[in-house]
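Data block below; observations after.
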Amino acid sequence: MSTSPVTLMVARRVERGRYLDFNRWLNEGRELAADFAGYLGSGVLAPPAGDDEYQIIFRFSSSDTLAAWEHSASRHAWLARGKGLYEAPHEHRATGLDAWFQTGSGAPPRWKQAVAVWLAFFPVSLLFQWIFGGALEDWALVPRVVVSTMMLTPVMVCVFIPLSMRLLAPWLQGRWSPLDVLARWRQAHRS
């Protein structure tokens, strides 16, 4: 089982006319999950106008703590109380880097993930070397790399990679392409 945090994403389509009941039921489930060991948080993404599919996110400290909640009698009773409020849900679990890239339509291709991480990592690495490179240049290779990775990894994981994912989301999800921009520019400058 995984010892890193696990995110459970559930998509549920609300039955017509049951939105208030669904929201009350959903809040009850979030409160229930909060009582379990390993619970890190949850969130709800409301559907856009004209849609009825809610995205519900639960995060636990490990796959073991998520499984304890998923298989609990109280969760099963909560799910039974929700019958008739939504259609059959779609579930997805993500750990580690997969959680950063997961969208409603699945993860983007690995090459896009690599580009997004590199675009976050390169400028921060360059800035680190510019600021601290002189102080570390006389150090042996291994200690220099240990110090730089110990300093950069938390900053990258907590700030810059999530920021990169947010800024690049349209491209990662296939809703935007540099070729589209080039085609629009060419069309605008033809006359």
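Going by the structure tokens order, chains are called A, B, ..., each with residues numbered from 1, while ligands are numbered from 1 in the order shown.
Omitting A:Ser125 and its sequence neighbours fewer than 6 positions away, and counting only C-alpha atoms, the residues within 10 Å are Trp118, Ile131, Ser148, Thr149, Leu152 and Met156 of chain A.
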For N, CA and C atoms, I'd like the residues from the last selection saved as a short mmCIF file (atom, residue, chain, number, x, y, z; two decimals), in the first residue's frame.
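Contents of the output file again_36.cif:
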```
data_model
loop_
_atom_site.label_atom_id
_atom_site.label_comp_id
_atom_site.auth_asym_id
_atom_site.auth_seq_id
_atom_site.Cartn_x
_atom_site.Cartn_y
_atom_site.Cartn_z
N TRP A 118 9.58 20.80 -16.31
CA TRP A 118 10.82 21.48 -16.70
C TRP A 118 10.63 23.00 -16.70
N ILE A 131 22.10 32.82 -7.35
CA ILE A 131 22.22 33.34 -5.99
C ILE A 131 23.26 32.59 -5.17
N SER A 148 21.59 21.63 -2.76
CA SER A 148 20.69 22.28 -3.73
C SER A 148 19.36 21.53 -3.85
N THR A 149 19.39 20.21 -3.87
CA THR A 149 18.13 19.47 -3.98
C THR A 149 17.32 19.56 -2.70
N LEU A 152 15.75 23.05 -3.03
CA LEU A 152 14.84 23.26 -4.16
C LEU A 152 13.61 22.35 -4.14
N MET A 156 9.87 23.53 -5.02
CA MET A 156 9.29 23.08 -6.29
C MET A 156 7.96 22.37 -6.06
#
```
Worksheet entry | Every residue of stretch 137-168 of chain A that DSSP places in alpha helix (DSSP H), as an MDAnalysis selection string | chainID A and resid 141:155 161:167
Could those residues be written to a file, using N, CA, C and O atoms, as a PDB file, in the first residue's frame?
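Heads up, here's the output in again_28.pdb:
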```pdb
ATOM      1  N   LEU A 141      31.064  17.736  -5.520  1.00  0.00           N
ATOM      2  CA  LEU A 141      29.827  17.556  -6.270  1.00  0.00           C
ATOM      3  C   LEU A 141      28.672  17.023  -5.414  1.00  0.00           C
ATOM      4  O   LEU A 141      27.573  17.582  -5.425  1.00  0.00           O
ATOM      5  N   VAL A 142      28.894  15.946  -4.666  1.00  0.00           N
ATOM      6  CA  VAL A 142      27.797  15.322  -3.913  1.00  0.00           C
ATOM      7  C   VAL A 142      27.223  16.272  -2.854  1.00  0.00           C
ATOM      8  O   VAL A 142      26.003  16.479  -2.809  1.00  0.00           O
ATOM      9  N   PRO A 143      28.014  16.896  -2.001  1.00  0.00           N
ATOM     10  CA  PRO A 143      27.421  17.831  -1.032  1.00  0.00           C
ATOM     11  C   PRO A 143      26.711  19.013  -1.713  1.00  0.00           C
ATOM     12  O   PRO A 143      25.664  19.475  -1.237  1.00  0.00           O
ATOM     13  N   ARG A 144      27.269  19.487  -2.814  1.00  0.00           N
ATOM     14  CA  ARG A 144      26.647  20.606  -3.548  1.00  0.00           C
ATOM     15  C   ARG A 144      25.263  20.200  -4.064  1.00  0.00           C
ATOM     16  O   ARG A 144      24.297  20.943  -3.928  1.00  0.00           O
ATOM     17  N   VAL A 145      25.160  18.993  -4.617  1.00  0.00           N
ATOM     18  CA  VAL A 145      23.876  18.507  -5.135  1.00  0.00           C
ATOM     19  C   VAL A 145      22.907  18.226  -3.988  1.00  0.00           C
ATOM     20  O   VAL A 145      21.717  18.531  -4.084  1.00  0.00           O
ATOM     21  N   VAL A 146      23.399  17.659  -2.889  1.00  0.00           N
ATOM     22  CA  VAL A 146      22.538  17.387  -1.732  1.00  0.00           C
ATOM     23  C   VAL A 146      21.925  18.687  -1.215  1.00  0.00           C
ATOM     24  O   VAL A 146      20.707  18.780  -0.999  1.00  0.00           O
ATOM     25  N   VAL A 147      22.732  19.712  -1.030  1.00  0.00           N
ATOM     26  CA  VAL A 147      22.230  20.992  -0.516  1.00  0.00           C
ATOM     27  C   VAL A 147      21.243  21.619  -1.492  1.00  0.00           C
ATOM     28  O   VAL A 147      20.160  22.070  -1.097  1.00  0.00           O
ATOM     29  N   SER A 148      21.590  21.632  -2.763  1.00  0.00           N
ATOM     30  CA  SER A 148      20.692  22.277  -3.730  1.00  0.00           C
ATOM     31  C   SER A 148      19.362  21.526  -3.848  1.00  0.00           C
ATOM     32  O   SER A 148      18.303  22.154  -3.880  1.00  0.00           O
ATOM     33  N   THR A 149      19.395  20.207  -3.875  1.00  0.00           N
ATOM     34  CA  THR A 149      18.132  19.470  -3.983  1.00  0.00           C
ATOM     35  C   THR A 149      17.317  19.557  -2.698  1.00  0.00           C
ATOM     36  O   THR A 149      16.089  19.606  -2.740  1.00  0.00           O
ATOM     37  N   MET A 150      17.981  19.609  -1.549  1.00  0.00           N
ATOM     38  CA  MET A 150      17.247  19.754  -0.287  1.00  0.00           C
ATOM     39  C   MET A 150      16.548  21.110  -0.213  1.00  0.00           C
ATOM     40  O   MET A 150      15.467  21.224   0.348  1.00  0.00           O
ATOM     41  N   MET A 151      17.151  22.119  -0.783  1.00  0.00           N
ATOM     42  CA  MET A 151      16.542  23.451  -0.764  1.00  0.00           C
ATOM     43  C   MET A 151      15.485  23.610  -1.860  1.00  0.00           C
ATOM     44  O   MET A 151      14.448  24.232  -1.640  1.00  0.00           O
ATOM     45  N   LEU A 152      15.746  23.048  -3.025  1.00  0.00           N
ATOM     46  CA  LEU A 152      14.843  23.255  -4.159  1.00  0.00           C
ATOM     47  C   LEU A 152      13.614  22.349  -4.142  1.00  0.00           C
ATOM     48  O   LEU A 152      12.538  22.775  -4.564  1.00  0.00           O
ATOM     49  N   THR A 153      13.741  21.123  -3.689  1.00  0.00           N
ATOM     50  CA  THR A 153      12.623  20.177  -3.771  1.00  0.00           C
ATOM     51  C   THR A 153      11.365  20.671  -3.052  1.00  0.00           C
ATOM     52  O   THR A 153      10.290  20.689  -3.655  1.00  0.00           O
ATOM     53  N   PRO A 154      11.442  21.110  -1.797  1.00  0.00           N
ATOM     54  CA  PRO A 154      10.204  21.587  -1.150  1.00  0.00           C
ATOM     55  C   PRO A 154       9.604  22.804  -1.863  1.00  0.00           C
ATOM     56  O   PRO A 154       8.378  22.905  -2.000  1.00  0.00           O
ATOM     57  N   VAL A 155      10.450  23.699  -2.319  1.00  0.00           N
ATOM     58  CA  VAL A 155       9.965  24.888  -3.025  1.00  0.00           C
ATOM     59  C   VAL A 155       9.287  24.488  -4.328  1.00  0.00           C
ATOM     60  O   VAL A 155       8.224  25.014  -4.683  1.00  0.00           O
ATOM     61  N   ILE A 161       5.769  23.836  -9.003  1.00  0.00           N
ATOM     62  CA  ILE A 161       5.124  22.847  -9.876  1.00  0.00           C
ATOM     63  C   ILE A 161       3.605  23.023  -9.848  1.00  0.00           C
ATOM     64  O   ILE A 161       2.975  23.065 -10.906  1.00  0.00           O
ATOM     65  N   PRO A 162       2.965  23.183  -8.664  1.00  0.00           N
ATOM     66  CA  PRO A 162       1.521  23.462  -8.697  1.00  0.00           C
ATOM     67  C   PRO A 162       1.183  24.746  -9.460  1.00  0.00           C
ATOM     68  O   PRO A 162       0.185  24.796 -10.184  1.00  0.00           O
ATOM     69  N   LEU A 163       2.014  25.784  -9.329  1.00  0.00           N
ATOM     70  CA  LEU A 163       1.789  27.022 -10.076  1.00  0.00           C
ATOM     71  C   LEU A 163       1.892  26.774 -11.578  1.00  0.00           C
ATOM     72  O   LEU A 163       1.055  27.233 -12.359  1.00  0.00           O
ATOM     73  N   SER A 164       2.887  26.015 -11.982  1.00  0.00           N
ATOM     74  CA  SER A 164       3.052  25.674 -13.397  1.00  0.00           C
ATOM     75  C   SER A 164       1.847  24.904 -13.921  1.00  0.00           C
ATOM     76  O   SER A 164       1.348  25.175 -15.019  1.00  0.00           O
ATOM     77  N   MET A 165       1.336  23.956 -13.115  1.00  0.00           N
ATOM     78  CA  MET A 165       0.168  23.175 -13.543  1.00  0.00           C
ATOM     79  C   MET A 165      -1.051  24.078 -13.730  1.00  0.00           C
ATOM     80  O   MET A 165      -1.817  23.925 -14.668  1.00  0.00           O
ATOM     81  N   ARG A 166      -1.213  25.037 -12.806  1.00  0.00           N
ATOM     82  CA  ARG A 166      -2.357  25.940 -12.898  1.00  0.00           C
ATOM     83  C   ARG A 166      -2.238  26.847 -14.118  1.00  0.00           C
ATOM     84  O   ARG A 166      -3.191  27.043 -14.858  1.00  0.00           O
ATOM     85  N   LEU A 167      -1.053  27.403 -14.344  1.00  0.00           N
ATOM     86  CA  LEU A 167      -0.866  28.305 -15.476  1.00  0.00           C
ATOM     87  C   LEU A 167      -0.942  27.587 -16.821  1.00  0.00           C
ATOM     88  O   LEU A 167      -1.397  28.163 -17.806  1.00  0.00           O
TER      89      LEU A 167
END
```
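Of the listed residues A:Leu40, A:Ala80, A:Ala188, A:Ala169, the one whose atoms come nearest to A:Pro5 is A:Leu40, with distances taken using only C-alpha atoms.
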Discussion item. Give me, as a ChimeraX atom specification, all polymer residues having an atom no more than 12 Å from A:Gly17, counting only C-alpha atoms and skipping those fewer than 5 positions away in the same chain.
Written reply: /A:22-23,52,84-86
Now that the selection is made, can you save its residues with N, CA, C and O atoms as a CSV table (one decimal), in the first residue's frame?
```csv
chain,number,residue,atom,x,y,z
A,22,PHE,N,-28.8,16.9,-2.2
A,22,PHE,CA,-27.4,16.4,-2.6
A,22,PHE,C,-26.4,17.2,-1.8
A,22,PHE,O,-25.5,16.6,-1.2
A,23,ASN,N,-26.5,18.5,-1.8
A,23,ASN,CA,-25.5,19.3,-1.1
A,23,ASN,C,-25.5,19.0,0.4
A,23,ASN,O,-24.4,18.9,1.1
A,52,ASP,N,-24.5,19.2,-14.6
A,52,ASP,CA,-24.9,18.8,-13.2
A,52,ASP,C,-23.9,17.8,-12.6
A,52,ASP,O,-24.3,17.1,-11.7
A,84,GLY,N,-30.5,7.7,-4.9
A,84,GLY,CA,-31.5,8.5,-5.5
A,84,GLY,C,-31.1,10.0,-5.7
A,84,GLY,O,-31.9,10.7,-6.3
A,85,LEU,N,-30.0,10.4,-5.1
A,85,LEU,CA,-29.6,11.8,-5.2
A,85,LEU,C,-28.7,12.0,-6.4
A,85,LEU,O,-28.5,13.1,-6.9
A,86,TYR,N,-28.0,10.9,-6.9
A,86,TYR,CA,-27.1,11.0,-8.0
A,86,TYR,C,-27.0,9.8,-8.8
A,86,TYR,O,-27.5,8.7,-8.4
```
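Atom to atom, atom CA of A:Ser177 and atom CA of A:Gln113 stand 14.8 Å apart.
The nearest approach to A:Ala68 among the residues A:Leu182, A:Ala33, A:Arg81, A:Val115, with only C-alpha atoms taken into account, belongs to A:Ala33.
Near A:Ser74, within 12 Å and counting only C-alpha atoms, sit Glu28, Gly29, Glu31, Leu32, Ala33, Asp35, Phe36, Ala68, Trp69, Glu70, His71, Ser72, His76, Ala77, Trp78, Leu79, Ala80 and Arg81 of chain A, not including residues fewer than 2 positions from it in the same chain.
Distances here use only C-alpha atoms; by that measure, the residue among A:Phe60, A:Trp171, A:Phe121, A:Trp185 closest to A:Val159 is A:Phe121.
The shell of residues at most 8 Å from A:Thr65, with only C-alpha atoms counted and near chain neighbours (fewer than 6 positions) removed, consists of Phe36, Ala37, Gly38 and Tyr39 of chain A.
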Practice prompt. Would you list, as a ChimeraX atom specification, the residues of chain A that end up in strand (DSSP E or B) under DSSP run on this structure's backbone?
Written response: /A:6-14,39-45,53-60,86,90-95
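Computed from the coordinates, the atom CA of A:Ala73 to atom CA of A:Arg16 distance equals 28.3 Å.
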Need to verify the contact set: A:Trp111, 12 Å, only C-alpha atoms, exclusion of same-chain residues closer than 5 positions in sequence. Can you return it as a tab-separated table (two decimals) with N, CA, C and O atoms, in the first residue's frame?
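Saved as selection28.tsv:
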```tsv
chain	number	residue	atom	x	y	z
A	101	PHE	N	-1.46	16.35	-12.26
A	101	PHE	CA	-1.83	16.38	-13.67
A	101	PHE	C	-3.23	15.91	-13.96
A	101	PHE	O	-3.69	16.01	-15.08
A	116	ALA	N	5.94	20.64	-18.58
A	116	ALA	CA	5.40	21.47	-17.51
A	116	ALA	C	6.32	21.48	-16.28
A	116	ALA	O	6.56	22.53	-15.69
A	117	VAL	N	6.85	20.32	-15.91
A	117	VAL	CA	7.76	20.25	-14.77
A	117	VAL	C	9.06	20.99	-15.10
A	117	VAL	O	9.58	21.76	-14.29
A	118	TRP	N	9.58	20.80	-16.31
A	118	TRP	CA	10.82	21.48	-16.70
A	118	TRP	C	10.63	23.00	-16.70
A	118	TRP	O	11.50	23.73	-16.24
A	172	LEU	N	-2.24	21.76	-21.03
A	172	LEU	CA	-2.17	20.37	-20.57
A	172	LEU	C	-3.45	19.62	-20.88
A	172	LEU	O	-3.43	18.43	-21.16
```
